[in-house]
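Next comes model_4.cif, with mmCIF, C-alpha atoms and all ligand atoms.
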```cif
data_data
#
loop_
_atom_site.label_atom_id
_atom_site.label_comp_id
_atom_site.auth_asym_id
_atom_site.auth_seq_id
_atom_site.Cartn_x
_atom_site.Cartn_y
_atom_site.Cartn_z
CA MET K 127 -125.55 -19.17 -99.60
CA SER K 128 -121.97 -17.89 -99.61
CA ARG K 129 -120.37 -16.70 -96.39
CA ALA K 130 -120.53 -13.10 -97.60
CA ASP K 131 -124.22 -13.46 -98.42
CA ALA K 132 -124.89 -15.05 -95.04
CA ALA K 133 -123.08 -12.26 -93.26
CA ALA K 134 -125.01 -9.63 -95.18
CA ALA K 135 -128.30 -11.39 -94.41
CA ALA K 136 -127.40 -11.58 -90.73
CA MET K 137 -126.94 -7.83 -90.38
CA PRO K 138 -128.85 -6.13 -93.17
CA GLU K 139 -129.50 -2.99 -91.13
CA ALA K 140 -125.79 -2.38 -90.59
CA SER K 141 -125.21 -1.92 -94.32
CA GLN K 142 -128.12 0.45 -94.91
CA PRO K 143 -128.33 4.13 -93.97
CA ILE K 144 -130.77 4.75 -91.13
CA VAL K 145 -131.24 8.33 -92.34
CA ARG K 146 -131.43 9.24 -96.02
CA VAL K 147 -132.16 12.80 -97.13
CA THR K 148 -132.32 13.70 -100.82
CA GLY K 149 -132.87 17.09 -102.40
CA LEU K 150 -134.58 18.53 -99.32
CA GLU K 151 -136.13 21.94 -99.92
CA LYS K 152 -137.69 24.16 -97.31
CA SER K 153 -138.97 27.72 -97.57
CA PHE K 154 -140.57 30.11 -95.14
CA GLY K 155 -142.75 32.16 -97.48
CA PRO K 156 -140.42 33.65 -100.11
CA LEU K 157 -137.30 32.77 -98.08
CA LYS K 158 -135.65 29.56 -99.28
CA VAL K 159 -133.83 28.13 -96.27
CA LEU K 160 -132.91 24.64 -97.51
CA ASP K 161 -131.93 24.32 -101.13
CA GLY K 162 -131.44 20.69 -102.14
CA VAL K 163 -129.92 19.16 -99.00
CA SER K 164 -128.77 15.55 -99.42
CA PHE K 165 -126.88 13.26 -97.05
CA SER K 166 -127.16 9.90 -95.37
CA VAL K 167 -126.24 8.52 -91.98
CA MET K 168 -125.26 4.95 -91.14
CA PRO K 169 -126.39 3.30 -87.89
CA GLY K 170 -124.08 4.14 -84.99
CA GLN K 171 -122.65 7.26 -86.62
CA MET K 172 -122.33 10.60 -84.90
CA VAL K 173 -122.79 13.41 -87.41
CA ALA K 174 -122.04 17.00 -86.44
CA VAL K 175 -123.78 19.71 -88.47
CA VAL K 176 -121.86 22.97 -88.39
CA GLY K 177 -122.07 26.28 -90.19
CA ARG K 178 -122.69 29.96 -89.78
CA SER K 179 -125.79 31.36 -88.13
CA GLY K 180 -128.72 31.26 -90.54
CA SER K 181 -127.29 28.54 -92.80
CA GLY K 182 -130.30 26.31 -92.14
CA LYS K 183 -128.92 23.81 -89.61
CA SER K 184 -131.77 23.89 -87.08
CA THR K 185 -134.41 23.98 -89.79
CA MET K 186 -132.88 20.89 -91.39
CA LEU K 187 -132.95 19.06 -88.04
CA ARG K 188 -136.56 20.06 -87.44
CA CYS K 189 -137.51 18.75 -90.88
CA LEU K 190 -135.98 15.36 -90.01
CA ASN K 191 -138.31 15.04 -87.07
CA GLY K 192 -141.41 16.14 -88.93
CA LEU K 193 -141.63 19.46 -87.09
CA GLU K 194 -141.62 21.39 -90.38
CA ASP K 195 -143.45 20.70 -93.61
CA ILE K 196 -141.18 20.49 -96.64
CA GLN K 197 -141.53 21.77 -100.17
CA GLY K 198 -139.33 19.29 -101.99
CA GLY K 199 -137.11 16.23 -101.70
CA THR K 200 -137.41 13.17 -99.51
CA ILE K 201 -136.55 12.28 -95.92
CA GLU K 202 -136.36 8.68 -94.82
CA ILE K 203 -135.53 8.18 -91.16
CA CYS K 204 -135.86 4.90 -89.25
CA GLY K 205 -138.14 3.69 -92.05
CA HIS K 206 -140.46 6.72 -91.84
CA GLN K 207 -141.01 8.72 -95.02
CA VAL K 208 -141.20 12.06 -93.24
CA GLY K 209 -142.75 15.05 -94.99
CA ARG K 210 -144.98 13.04 -97.28
CA PRO K 211 -148.50 13.45 -95.86
CA GLY K 212 -150.06 10.21 -94.68
CA SER K 213 -146.87 8.18 -94.96
CA TRP K 214 -145.66 8.41 -91.37
CA ASN K 215 -147.05 8.03 -87.91
CA LYS K 216 -146.25 10.97 -85.65
CA ALA K 217 -146.28 9.04 -82.36
CA GLN K 218 -144.05 6.27 -83.73
CA LEU K 219 -141.66 8.82 -85.24
CA ARG K 220 -141.43 10.64 -81.88
CA SER K 221 -140.40 7.35 -80.24
CA ASP K 222 -137.95 6.28 -82.94
CA VAL K 223 -136.35 9.70 -83.33
CA GLY K 224 -135.54 11.54 -80.11
CA MET K 225 -134.93 15.26 -80.18
CA VAL K 226 -133.26 17.40 -77.56
CA PHE K 227 -133.43 21.20 -77.81
CA GLN K 228 -131.43 24.08 -76.41
CA SER K 229 -134.25 24.80 -73.94
CA TYR K 230 -134.90 21.80 -71.75
CA ASN K 231 -138.70 22.09 -71.77
CA LEU K 232 -139.14 20.20 -68.50
CA PHE K 233 -142.42 20.52 -66.60
CA PRO K 234 -141.52 22.58 -63.50
CA HIS K 235 -144.34 21.15 -61.35
CA LEU K 236 -143.32 17.52 -61.95
CA THR K 237 -140.42 15.62 -60.41
CA VAL K 238 -137.55 14.53 -62.62
CA GLU K 239 -138.88 10.98 -62.59
CA ARG K 240 -142.40 12.07 -63.55
CA ASN K 241 -141.03 14.29 -66.33
CA ILE K 242 -139.51 11.14 -67.78
CA THR K 243 -142.36 8.70 -67.14
CA LEU K 244 -145.04 11.04 -68.53
CA ALA K 245 -144.55 10.09 -72.18
CA LEU K 246 -144.08 6.43 -71.26
CA THR K 247 -147.39 6.20 -69.42
CA LEU K 248 -149.39 8.56 -71.64
CA VAL K 249 -148.03 7.79 -75.11
CA GLN K 250 -146.62 4.28 -74.77
CA LYS K 251 -149.27 3.22 -72.20
CA LYS K 252 -146.68 1.51 -70.01
CA PRO K 253 -147.73 0.59 -66.45
CA ARG K 254 -146.45 3.11 -63.89
CA ALA K 255 -144.05 0.62 -62.22
CA GLU K 256 -142.46 -0.33 -65.53
CA ALA K 257 -142.17 3.33 -66.54
CA ARG K 258 -140.46 4.04 -63.21
CA GLN K 259 -137.89 1.32 -63.86
CA VAL K 260 -137.12 2.80 -67.27
CA ALA K 261 -136.80 6.29 -65.75
CA LEU K 262 -134.33 5.09 -63.15
CA ARG K 263 -132.30 3.26 -65.80
CA VAL K 264 -132.00 6.28 -68.11
CA LEU K 265 -131.31 8.62 -65.19
CA ASP K 266 -128.48 6.30 -64.20
CA GLN K 267 -127.24 6.45 -67.80
CA VAL K 268 -126.91 10.25 -67.60
CA GLY K 269 -125.45 10.14 -64.08
CA LEU K 270 -128.50 11.50 -62.26
CA ALA K 271 -130.00 8.45 -60.55
CA GLU K 272 -130.07 10.28 -57.21
CA LYS K 273 -132.16 13.16 -58.62
CA ALA K 274 -135.32 11.19 -59.45
CA ALA K 275 -137.38 12.90 -56.74
CA ALA K 276 -136.00 16.40 -57.35
CA TYR K 277 -137.87 19.17 -59.18
CA PRO K 278 -136.26 20.85 -62.21
CA GLU K 279 -135.68 24.15 -60.36
CA GLN K 280 -133.47 22.26 -57.89
CA LEU K 281 -131.10 21.25 -60.70
CA SER K 282 -128.39 23.11 -62.58
CA GLY K 283 -128.89 23.88 -66.27
CA GLY K 284 -126.53 21.04 -67.18
CA GLN K 285 -128.44 18.61 -64.99
CA GLN K 286 -131.75 19.74 -66.49
CA GLN K 287 -130.38 19.17 -69.95
CA ARG K 288 -129.23 15.69 -68.92
CA VAL K 289 -132.78 15.00 -67.69
CA ALA K 290 -134.07 16.15 -71.09
CA ILE K 291 -131.68 13.68 -72.74
CA ALA K 292 -132.82 10.94 -70.34
CA ARG K 293 -136.46 11.71 -71.15
CA SER K 294 -135.70 11.24 -74.82
CA LEU K 295 -133.72 8.04 -74.17
CA ALA K 296 -136.64 6.57 -72.20
CA LEU K 297 -138.59 6.14 -75.44
CA SER K 298 -135.79 3.90 -76.83
CA PRO K 299 -135.02 6.01 -79.90
CA GLN K 300 -133.01 4.62 -82.80
CA VAL K 301 -131.73 8.06 -83.76
CA MET K 302 -131.23 11.13 -81.60
CA LEU K 303 -131.20 14.73 -82.83
CA PHE K 304 -129.54 17.44 -80.73
CA ASP K 305 -130.14 21.08 -81.53
CA GLU K 306 -127.47 23.27 -79.93
CA VAL K 307 -128.12 21.59 -76.59
CA THR K 308 -125.22 23.28 -74.80
CA SER K 309 -125.61 26.80 -76.18
CA ALA K 310 -127.30 28.14 -73.02
CA LEU K 311 -124.85 26.51 -70.60
CA ASP K 312 -121.73 27.70 -68.80
CA PRO K 313 -118.52 25.96 -69.90
CA GLU K 314 -118.33 23.53 -66.95
CA LEU K 315 -121.96 22.50 -67.40
CA THR K 316 -121.37 22.15 -71.13
CA VAL K 317 -118.62 19.63 -70.41
CA GLU K 318 -120.93 17.33 -68.40
CA VAL K 319 -123.60 17.34 -71.14
CA LEU K 320 -121.03 16.69 -73.87
CA LYS K 321 -119.68 13.77 -71.81
CA VAL K 322 -123.16 12.20 -71.74
CA MET K 323 -123.40 12.64 -75.51
CA GLU K 324 -119.98 11.15 -76.06
CA ASP K 325 -120.92 8.12 -73.91
CA LEU K 326 -124.13 7.68 -75.89
CA SER K 327 -122.17 7.70 -79.11
CA LYS K 328 -119.66 5.19 -77.76
CA GLY K 329 -122.64 3.01 -76.82
CA GLY K 330 -123.64 2.93 -80.49
CA MET K 331 -126.41 5.55 -80.63
CA THR K 332 -126.94 7.17 -84.02
CA MET K 333 -126.78 10.91 -83.46
CA ILE K 334 -127.08 14.06 -85.52
CA LEU K 335 -126.14 17.20 -83.69
CA VAL K 336 -126.22 20.82 -84.65
CA THR K 337 -123.46 22.37 -82.62
CA HIS K 338 -121.19 25.35 -82.19
CA GLU K 339 -118.84 23.18 -80.08
CA MET K 340 -116.25 22.74 -82.80
CA GLY K 341 -113.69 21.13 -80.51
CA PHE K 342 -116.20 18.49 -79.53
CA ALA K 343 -117.33 17.93 -83.12
CA ARG K 344 -113.76 17.57 -84.24
CA ARG K 345 -112.82 15.14 -81.47
CA VAL K 346 -115.93 12.97 -81.32
CA ALA K 347 -118.03 13.15 -84.51
CA HIS K 348 -117.44 10.52 -87.18
CA THR K 349 -118.72 12.79 -89.93
CA VAL K 350 -119.10 16.54 -90.25
CA ILE K 351 -121.60 18.33 -92.46
CA PHE K 352 -120.78 21.97 -93.17
CA MET K 353 -123.89 23.86 -94.20
CA HIS K 354 -123.72 27.12 -96.10
CA GLN K 355 -126.59 29.05 -97.69
CA GLY K 356 -129.04 26.19 -97.15
CA ARG K 357 -126.84 23.57 -98.77
CA VAL K 358 -124.48 20.81 -97.72
CA TRP K 359 -121.44 22.73 -98.84
CA GLU K 360 -118.83 20.25 -97.69
CA THR K 361 -119.01 16.92 -95.86
CA GLY K 362 -116.83 13.94 -95.04
CA PRO K 363 -115.09 11.98 -92.30
CA THR K 364 -114.16 14.50 -89.60
CA ALA K 365 -110.38 14.19 -89.58
CA GLU K 366 -110.17 14.26 -93.39
CA LEU K 367 -112.47 17.27 -93.69
CA PHE K 368 -110.50 19.37 -91.23
CA ALA K 369 -107.13 18.25 -92.61
CA ARG K 370 -108.02 19.02 -96.23
CA PRO K 371 -110.89 21.55 -96.56
CA GLN K 372 -112.06 21.69 -100.16
CA THR K 373 -113.85 25.04 -100.16
CA ALA K 374 -112.85 28.55 -99.20
CA GLU K 375 -116.12 28.91 -97.25
CA PHE K 376 -115.33 25.98 -94.96
CA GLN K 377 -111.75 27.16 -94.55
CA GLN K 378 -112.96 30.62 -93.54
CA PHE K 379 -115.55 29.14 -91.19
CA VAL K 380 -113.01 26.95 -89.44
CA GLY K 381 -110.63 29.88 -89.20
CA SER K 382 -113.33 32.02 -87.59
CA VAL K 383 -114.39 29.54 -84.92
CA LEU K 384 -111.18 27.78 -83.86
N1 LIG N 1 -140.26 29.73 -88.40
C1 LIG N 1 -139.56 30.51 -89.21
N2 LIG N 1 -140.14 31.48 -89.95
C2 LIG N 1 -139.44 32.26 -90.78
N3 LIG N 1 -138.09 32.16 -90.97
C3 LIG N 1 -137.45 31.23 -90.27
C4 LIG N 1 -138.13 30.35 -89.36
N4 LIG N 1 -137.20 29.52 -88.80
C5 LIG N 1 -136.02 29.87 -89.34
N5 LIG N 1 -136.16 30.89 -90.21
C6 LIG N 1 -135.08 31.50 -91.00
O1 LIG N 1 -134.43 30.47 -91.69
C7 LIG N 1 -133.03 30.74 -91.78
C8 LIG N 1 -132.27 29.54 -91.23
O2 LIG N 1 -132.53 29.46 -89.83
P1 LIG N 1 -131.93 28.27 -88.94
O3 LIG N 1 -132.38 28.52 -87.54
O4 LIG N 1 -132.25 26.97 -89.56
O5 LIG N 1 -130.37 28.55 -89.08
P2 LIG N 1 -129.18 27.99 -88.24
O6 LIG N 1 -128.10 27.65 -89.20
O7 LIG N 1 -129.65 26.90 -87.32
O8 LIG N 1 -128.75 29.26 -87.39
P3 LIG N 1 -128.21 29.40 -85.87
O9 LIG N 1 -126.82 28.78 -85.83
O10 LIG N 1 -128.20 30.87 -85.64
O11 LIG N 1 -129.20 28.68 -84.99
C9 LIG N 1 -132.80 32.02 -91.04
O12 LIG N 1 -132.77 33.07 -91.99
C10 LIG N 1 -134.01 32.15 -90.15
O13 LIG N 1 -134.31 33.50 -89.88
#
```
Any chance you could give the structure as structure tokens?
Amino acid sequence: MSRADAAAAAMPEASQPIVRVTGLEKSFGPLKVLDGVSFSVMPGQMVAVVGRSGSGKSTMLRCLNGLEDIQGGTIEICGHQVGRPGSWNKAQLRSDVGMVFQSYNLFPHLTVERNITLALTLVQKKPRAEARQVALRVLDQVGLAEKAAAYPEQLSGGQQQRVAIARSLALSPQVMLFDEVTSALDPELTVEVLKVMEDLSKGGMTMILVTHEMGFARRVAHTVIFMHQGRVWETGPTAELFARPQTAEFQQFVGSVL
């Protein structure tokens, strides 16, 4: 075996996309929302999905996590063939692909720790003590170790969103999807959530985020996907894309949000 072959064999996953979407089509009744979306994501990449309201960003993200049925194309994510009935396991997909939404969806009657351990004990059947250890580790990761015993209403919106991220991290996802997670937050709370996301990315997490935070996308994302009318209109390495926009639509979009 040559050295190149040996190196390739030693890290096969690094050379393969962890997300591969081809020709994705999604309609709500007569309304076609995704019209042949194709892209791929390498492990460790942060991809920011941007575009005008109604361009299909959130729908695309929901399709990746099996929350929407699809009418055409293929989605392969962490080895799951999502959207093809019978070819993926919902529980395993939920563990492998974390998703964080704009609304935190925490249980108000449970402590922060219990919000996080719930899925670990119920879905992954981990013993309570082990689940607790995981909860404390992920809370530490998002800077909230001291809030384990607090209830959601005792936390700020930014802190609640960080708990939601920790809850997702607890399941050891390979890919994380973020759907406008800072849209409901004040600017200073937005900053603390974005910092957690930036740290996750620096730690090697593969992330796809739909965001209106263009400054953040521009500074931190490796790749940007600009969606327009249900299509990937323009995409590429972030710096290159912003330096040399290829389409009038992306140029206008950037001009309108920066
Ligand atoms: N469950 C649904 N039923 C019917 N139409 C839907 C549904 N979800 C989304 N749509 C429509 O699909 C289109 C794309 O919506 P989507 O939320 O994906 O856009 P978006 O780019 O994420 O927009 P925004 O930035 O405003 O969140 C919109 O016209 C929306 O009204």
Neighbouring residues of Gly180 (chain K) were defined as those with any atom within 9 Å, considering all atoms listed in the file; residues of the same chain fewer than 3 positions away were excluded. Please report them as a VMD selection string. chain K and resid 159 177 183 to 184 354 to 356
Export, as a CSV table (one decimal), keeping the file's coordinate frame, the selected residues with C-alpha atoms.
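part.csv, written as the output of this step:
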```
chain,number,residue,atom,x,y,z
K,159,VAL,CA,-133.8,28.1,-96.3
K,177,GLY,CA,-122.1,26.3,-90.2
K,183,LYS,CA,-128.9,23.8,-89.6
K,184,SER,CA,-131.8,23.9,-87.1
K,354,HIS,CA,-123.7,27.1,-96.1
K,355,GLN,CA,-126.6,29.0,-97.7
K,356,GLY,CA,-129.0,26.2,-97.2
```
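Of the residues listed (K:Glu202, K:Glu256, K:Asp222, K:Asp305), K:Asp305 shows the shortest atom-to-atom separation from Thr337 (chain K); distances use all atoms listed in the file.
Residue nearest His348 (chain K) within the list K:Gly329, K:Gly162, K:Gly170, K:Pro143: K:Gly170 [criterion: smallest interatomic distance, all atoms listed in the file].
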Return as a PyMOL selection string every polymer residue, whether protein, DNA or RNA, with at least one atom no more than 12 Å from an atom of ligand LIG 1 (chain N); count all atoms listed in the file. chain K and resi 151-161+175-189+193-195+227-228+304-307+309+335-339+351-358
Separation of CA of Ser298 (chain K) from CA of Glu324 (chain K), in Å and rounded to one decimal: 17.4 Å
Give me the residues near Ile334 (chain K) as number ranges by chain, where near means some atom within 8 Å (using only C-alpha atoms) and where sequence neighbours in that chain fewer than 3 positions away do not count. K: 172-175, 301-304
Next, dump the selected residues to file, keeping only C-alpha atoms, as an mmCIF file, keeping the file's coordinate frame.
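File written: part17.cif
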```cif
data_model
loop_
_atom_site.group_PDB
_atom_site.id
_atom_site.type_symbol
_atom_site.label_atom_id
_atom_site.label_comp_id
_atom_site.auth_asym_id
_atom_site.auth_seq_id
_atom_site.Cartn_x
_atom_site.Cartn_y
_atom_site.Cartn_z
ATOM 1 C CA MET K 172 -122.330 10.600 -84.900
ATOM 2 C CA VAL K 173 -122.790 13.410 -87.410
ATOM 3 C CA ALA K 174 -122.040 17.000 -86.440
ATOM 4 C CA VAL K 175 -123.780 19.710 -88.470
ATOM 5 C CA VAL K 301 -131.730 8.060 -83.760
ATOM 6 C CA MET K 302 -131.230 11.130 -81.600
ATOM 7 C CA LEU K 303 -131.200 14.730 -82.830
ATOM 8 C CA PHE K 304 -129.540 17.440 -80.730
#
```
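What separates CA of Gly149 (chain K) from CA of Gly224 (chain K) is a distance of 23.1 Å.
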Residues at most 12 Å from Gly284 (chain K), counting all atoms listed in the file, excluding those fewer than 5 positions away in the same chain, as a ChimeraX atom specification? /K:228-230,268-270,278-279,289-291,307-322
Could you tell me how far CA of Cys204 (chain K) sits from CA of Ala365 (chain K), in Å to one decimal place? 27.1 Å
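Residues surrounding region 238-251 of chain K within 7 Å are K:Leu232, K:Phe233, K:Leu236, K:Pro253, K:Arg254, K:Ala257, K:Arg258, K:Ala261, K:Lys273, K:Ala274, K:Ala275, K:Ala276, K:Tyr277, K:Pro278, K:Val289, K:Arg293, K:Ala296, K:Leu297 [all atoms listed in the file; sequence separation below 2 positions excluded].
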Residues of the last selection are to be written out with C-alpha atoms, as a PDB file, in the frame of the given file.
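Generated file (part.pdb):
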```pdb
ATOM      1  CA  LEU K 232    -139.140  20.200 -68.500  1.00  0.00           C
ATOM      2  CA  PHE K 233    -142.420  20.520 -66.600  1.00  0.00           C
ATOM      3  CA  LEU K 236    -143.320  17.520 -61.950  1.00  0.00           C
ATOM      4  CA  PRO K 253    -147.730   0.590 -66.450  1.00  0.00           C
ATOM      5  CA  ARG K 254    -146.450   3.110 -63.890  1.00  0.00           C
ATOM      6  CA  ALA K 257    -142.170   3.330 -66.540  1.00  0.00           C
ATOM      7  CA  ARG K 258    -140.460   4.040 -63.210  1.00  0.00           C
ATOM      8  CA  ALA K 261    -136.800   6.290 -65.750  1.00  0.00           C
ATOM      9  CA  LYS K 273    -132.160  13.160 -58.620  1.00  0.00           C
ATOM     10  CA  ALA K 274    -135.320  11.190 -59.450  1.00  0.00           C
ATOM     11  CA  ALA K 275    -137.380  12.900 -56.740  1.00  0.00           C
ATOM     12  CA  ALA K 276    -136.000  16.400 -57.350  1.00  0.00           C
ATOM     13  CA  TYR K 277    -137.870  19.170 -59.180  1.00  0.00           C
ATOM     14  CA  PRO K 278    -136.260  20.850 -62.210  1.00  0.00           C
ATOM     15  CA  VAL K 289    -132.780  15.000 -67.690  1.00  0.00           C
ATOM     16  CA  ARG K 293    -136.460  11.710 -71.150  1.00  0.00           C
ATOM     17  CA  ALA K 296    -136.640   6.570 -72.200  1.00  0.00           C
ATOM     18  CA  LEU K 297    -138.590   6.140 -75.440  1.00  0.00           C
TER      19      LEU K 297
END
```
For a quick check of understanding, using all atoms listed in the file, which of K:Gly283, K:Thr361, K:Gln267, K:Glu375 has the smallest distance to Asp325 (chain K)? K:Gln267
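Distance cut-off 10 Å, centre (-113.0, 23.1, -94.9), atoms counted all atoms listed in the file; the residues meeting this are Phe352, Trp359, Glu360, Thr361, Gly362, Glu366, Leu367, Phe368, Ala369, Arg370, Pro371, Gln372, Thr373, Ala374, Glu375, Phe376, Gln377, Gln378, Phe379, Val380 and Gly381 of chain K.
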